[in-house]
Amino acid sequence: MSRVVFLMDKIMRRFGLSGKSVVPLISGTACAIPAIMATRNIENWKERLITILVTPFTTCSARLPVYAIIIALVIPNERVFGILNMQGLSLMLLYLLGFGTAILSAYILNKILKLENKTYFVVEMPSYKLPLFKNVGINVVEKTKAFVVGAGKIILAISIILWFLASYGPGKDFNEAEAIVKERTIAKPLNETEFENAVASQKLENSYIGIMGKAIEPAISPLGYDWKIGIAIISSFAAREVFVGTLATIYSVGSSDNEDTIKNKMAAEVHPETGEKVFNFASGISLMLFYAFAMQCASTLAITKKETNSWKWPTMQLVLMSAFAYTTALIAYQILK
């Protein structure tokens, strides 16, 4: 990695980054949390800060479930020039889009941020040796402990809040969910699994987080989303991959069902007023672009706060990335619809 850092330093400096920024940007494709922690070896504060702020743009593994289900819904499973699969090509473009946005954002931040720091590039060129597993183990334990103790408290607090909002709700529509579902299905009784899923869907719809989803529907409807997607967006703030599971609960899909059933129920969903499909090509592209750019990760915000020792930078990260994601998704939907 030392040699990669050395070779990339000249290129990365054009964008206000260090050669050492390559490691966080690449590891961010797995998860932004350890990637941000990996910026500690960047000596220059400005370069380190910019790397921290732009790393979440790289496509992490948590986005893959969202991309997979939406691509399967709106991108045809066909080949381009008889070689390239359109769905695979779409996924590759999302990866390139994320990395390109990170680099472009770094260039802009380098021009905007007025932080004067002297830049030194010092890197050791070690000879190739087998690692000492004892040192690796100690390093892993220390890094894990630092994350769990430092960022874990913030993540736990946010997760408890989201759990409470999704598990409780006001009024009899939530408290009497079982009776309402029984009355609604008298003509067509459900089996035990279907009944439990329907009750869970009824409770989620009328929970505090469901009320919030309906409250933000006027703001997200220009993007092609309904209140159900609104709930999924709010709940996925804890972790992006929760998006698919939340929609599965809303659409009353049981654990015994496979992804095709979830996909089919999502594909059949229509707007009650217009009769148009909720998940069409325009809304699908809009949703993928939103998740490509939005800061939908409480854990990343928590680790950014810990690494910068301030709420200023994670707040700026959340606001700017969300605004950029909303604007991009809005433009894409309005053009494609």
# chains A, B, ... in the order shown; residues from 1 in each chain; ligands from 1
>>> select_by_dssp(residues="range 39-227 of chain A", states="strand (DSSP E)", output="MDAnalysis selection string")
chainID A and resid 79:80 84:85
>>> closest_atom_pairs(of="range 28-120 of chain A", to="range 289-299 of chain A", cutoff="8 Å", atoms="only C-alpha atoms", output="JSON lines")
{"residue": "A:Ile33", "atom": "CA", "partner": "A:Ser299", "partner_atom": "CA", "distance": 7.1}
{"residue": "A:Pro56", "atom": "CA", "partner": "A:Met295", "partner_atom": "CA", "distance": 7.2}
{"residue": "A:Phe57", "atom": "CA", "partner": "A:Phe293", "partner_atom": "CA", "distance": 5.9}
{"residue": "A:Thr59", "atom": "CA", "partner": "A:Ala292", "partner_atom": "CA", "distance": 6.9}
{"residue": "A:Arg63", "atom": "CA", "partner": "A:Tyr291", "partner_atom": "CA", "distance": 7.1}
{"residue": "A:Val66", "atom": "CA", "partner": "A:Tyr291", "partner_atom": "CA", "distance": 8.0}
{"residue": "A:Leu94", "atom": "CA", "partner": "A:Ala292", "partner_atom": "CA", "distance": 7.2}
{"residue": "A:Gly98", "atom": "CA", "partner": "A:Ala292", "partner_atom": "CA", "distance": 6.5}
>>> select_by_dssp(residues="range 10-211 of chain A", states="helix (DSSP H, G or I)", output="PyMOL selection string")
chain A and resi 10-13+19-27+32-41+45-57+61-74+86-112+133-150+152-167+172-175+177-184+192-205+208-211
>>> residues_around(residues="range 13-25 of chain A", least_positions_apart="2", cutoff="6 Å", atoms="only C-alpha atoms", output="list in words")
Val5, Met8, Asp9, Lys10, Ile11, Ser27, Gly28, Ala35, Ala38, Glu47, Thr55, Ala106, Tyr107 and Asn110 of chain A
>>> closest_atom_pairs(of="range 94-195 of chain A", to="range 231-241 of chain A", cutoff="10 Å", atoms="only C-alpha atoms", output="Markdown table")
| residue | atom | partner | partner_atom | distance |
| --- | --- | --- | --- | --- |
| A:Ile155 | CA | A:Ala238 | CA | 8.1 |
| A:Leu156 | CA | A:Ala238 | CA | 9.7 |
| A:Ile158 | CA | A:Ala238 | CA | 7.4 |
| A:Ser159 | CA | A:Ala238 | CA | 6.2 |
| A:Ile160 | CA | A:Ala238 | CA | 9.8 |
| A:Ile161 | CA | A:Ala238 | CA | 9.8 |
| A:Leu162 | CA | A:Ser235 | CA | 6.7 |
| A:Trp163 | CA | A:Ser235 | CA | 8.6 |
| A:Leu165 | CA | A:Ser235 | CA | 9.1 |
| A:Ala166 | CA | A:Ser235 | CA | 7.9 |
>>> atom_distance(atom1="CA of Ser201 in chain A", atom2="CA of Asn175 in chain A")
12.9 Å
>>> decode(residues="range 62-98 of chain A", atoms="N, CA and C atoms", output="compact mmCIF listing (two decimals), in the first residue's frame")
# COMPACT_ATOMS: atom_id res chain seq x y z
N ALA A 62 -23.50 -1.47 1.95
CA ALA A 62 -24.86 -1.28 2.46
C ALA A 62 -25.82 -0.78 1.38
N ARG A 63 -25.28 -0.14 0.35
CA ARG A 63 -26.13 0.34 -0.74
C ARG A 63 -26.53 -0.79 -1.69
N LEU A 64 -25.80 -1.88 -1.69
CA LEU A 64 -26.02 -2.94 -2.68
C LEU A 64 -27.43 -3.55 -2.62
N PRO A 65 -28.01 -3.83 -1.43
CA PRO A 65 -29.38 -4.35 -1.43
C PRO A 65 -30.38 -3.41 -2.08
N VAL A 66 -30.20 -2.10 -1.86
CA VAL A 66 -31.09 -1.11 -2.48
C VAL A 66 -30.91 -1.13 -3.99
N TYR A 67 -29.65 -1.08 -4.44
CA TYR A 67 -29.37 -1.10 -5.87
C TYR A 67 -29.90 -2.38 -6.52
N ALA A 68 -29.69 -3.50 -5.83
CA ALA A 68 -30.06 -4.80 -6.42
C ALA A 68 -31.56 -4.89 -6.69
N ILE A 69 -32.37 -4.49 -5.70
CA ILE A 69 -33.81 -4.62 -5.87
C ILE A 69 -34.35 -3.60 -6.87
N ILE A 70 -33.82 -2.37 -6.85
CA ILE A 70 -34.31 -1.34 -7.77
C ILE A 70 -33.87 -1.62 -9.20
N ILE A 71 -32.63 -2.05 -9.38
CA ILE A 71 -32.15 -2.40 -10.72
C ILE A 71 -32.97 -3.55 -11.30
N ALA A 72 -33.28 -4.54 -10.45
CA ALA A 72 -34.10 -5.67 -10.91
C ALA A 72 -35.50 -5.22 -11.31
N LEU A 73 -35.99 -4.13 -10.69
CA LEU A 73 -37.34 -3.63 -10.98
C LEU A 73 -37.41 -2.81 -12.25
N VAL A 74 -36.42 -1.95 -12.48
CA VAL A 74 -36.58 -0.93 -13.53
C VAL A 74 -35.61 -1.08 -14.70
N ILE A 75 -34.55 -1.87 -14.55
CA ILE A 75 -33.59 -2.04 -15.64
C ILE A 75 -33.82 -3.40 -16.31
N PRO A 76 -34.07 -3.44 -17.60
CA PRO A 76 -34.31 -4.73 -18.27
C PRO A 76 -33.08 -5.64 -18.25
N ASN A 77 -33.32 -6.92 -18.11
CA ASN A 77 -32.23 -7.90 -18.08
C ASN A 77 -31.86 -8.28 -19.52
N GLU A 78 -31.25 -7.31 -20.21
CA GLU A 78 -30.87 -7.51 -21.61
C GLU A 78 -29.39 -7.21 -21.77
N ARG A 79 -28.86 -7.54 -22.94
CA ARG A 79 -27.44 -7.34 -23.20
C ARG A 79 -27.22 -6.22 -24.22
N VAL A 80 -26.15 -5.46 -24.00
CA VAL A 80 -25.76 -4.40 -24.92
C VAL A 80 -24.64 -4.93 -25.80
N PHE A 81 -24.80 -4.83 -27.10
CA PHE A 81 -23.83 -5.35 -28.06
C PHE A 81 -23.61 -6.86 -27.89
N GLY A 82 -24.59 -7.52 -27.28
CA GLY A 82 -24.49 -8.95 -27.09
C GLY A 82 -23.47 -9.38 -26.06
N ILE A 83 -22.85 -8.44 -25.33
CA ILE A 83 -21.79 -8.77 -24.37
C ILE A 83 -22.13 -8.27 -22.97
N LEU A 84 -22.41 -6.98 -22.85
CA LEU A 84 -22.60 -6.36 -21.55
C LEU A 84 -24.05 -6.44 -21.10
N ASN A 85 -24.25 -6.95 -19.89
CA ASN A 85 -25.58 -7.00 -19.31
C ASN A 85 -25.98 -5.62 -18.80
N MET A 86 -27.18 -5.16 -19.13
CA MET A 86 -27.60 -3.81 -18.77
C MET A 86 -27.70 -3.62 -17.27
N GLN A 87 -28.15 -4.64 -16.55
CA GLN A 87 -28.25 -4.52 -15.10
C GLN A 87 -26.87 -4.45 -14.46
N GLY A 88 -25.94 -5.28 -14.94
CA GLY A 88 -24.58 -5.23 -14.42
C GLY A 88 -23.89 -3.92 -14.77
N LEU A 89 -24.15 -3.43 -15.98
CA LEU A 89 -23.59 -2.16 -16.42
C LEU A 89 -24.11 -1.01 -15.56
N SER A 90 -25.39 -1.06 -15.20
CA SER A 90 -25.99 -0.03 -14.34
C SER A 90 -25.32 0.00 -12.98
N LEU A 91 -25.06 -1.19 -12.42
CA LEU A 91 -24.40 -1.26 -11.12
C LEU A 91 -22.97 -0.71 -11.19
N MET A 92 -22.26 -1.04 -12.27
CA MET A 92 -20.90 -0.53 -12.44
C MET A 92 -20.90 0.99 -12.56
N LEU A 93 -21.88 1.54 -13.28
CA LEU A 93 -21.98 2.99 -13.44
C LEU A 93 -22.24 3.68 -12.10
N LEU A 94 -23.01 3.04 -11.21
CA LEU A 94 -23.27 3.60 -9.90
C LEU A 94 -21.98 3.65 -9.07
N TYR A 95 -21.15 2.63 -9.19
CA TYR A 95 -19.85 2.63 -8.51
C TYR A 95 -18.98 3.77 -9.04
N LEU A 96 -18.92 3.90 -10.36
CA LEU A 96 -18.10 4.95 -10.97
C LEU A 96 -18.65 6.33 -10.62
N LEU A 97 -19.97 6.45 -10.58
CA LEU A 97 -20.60 7.72 -10.23
C LEU A 97 -20.23 8.14 -8.81
N GLY A 98 -20.27 7.19 -7.88
CA GLY A 98 -19.93 7.49 -6.50
C GLY A 98 -18.48 7.94 -6.35
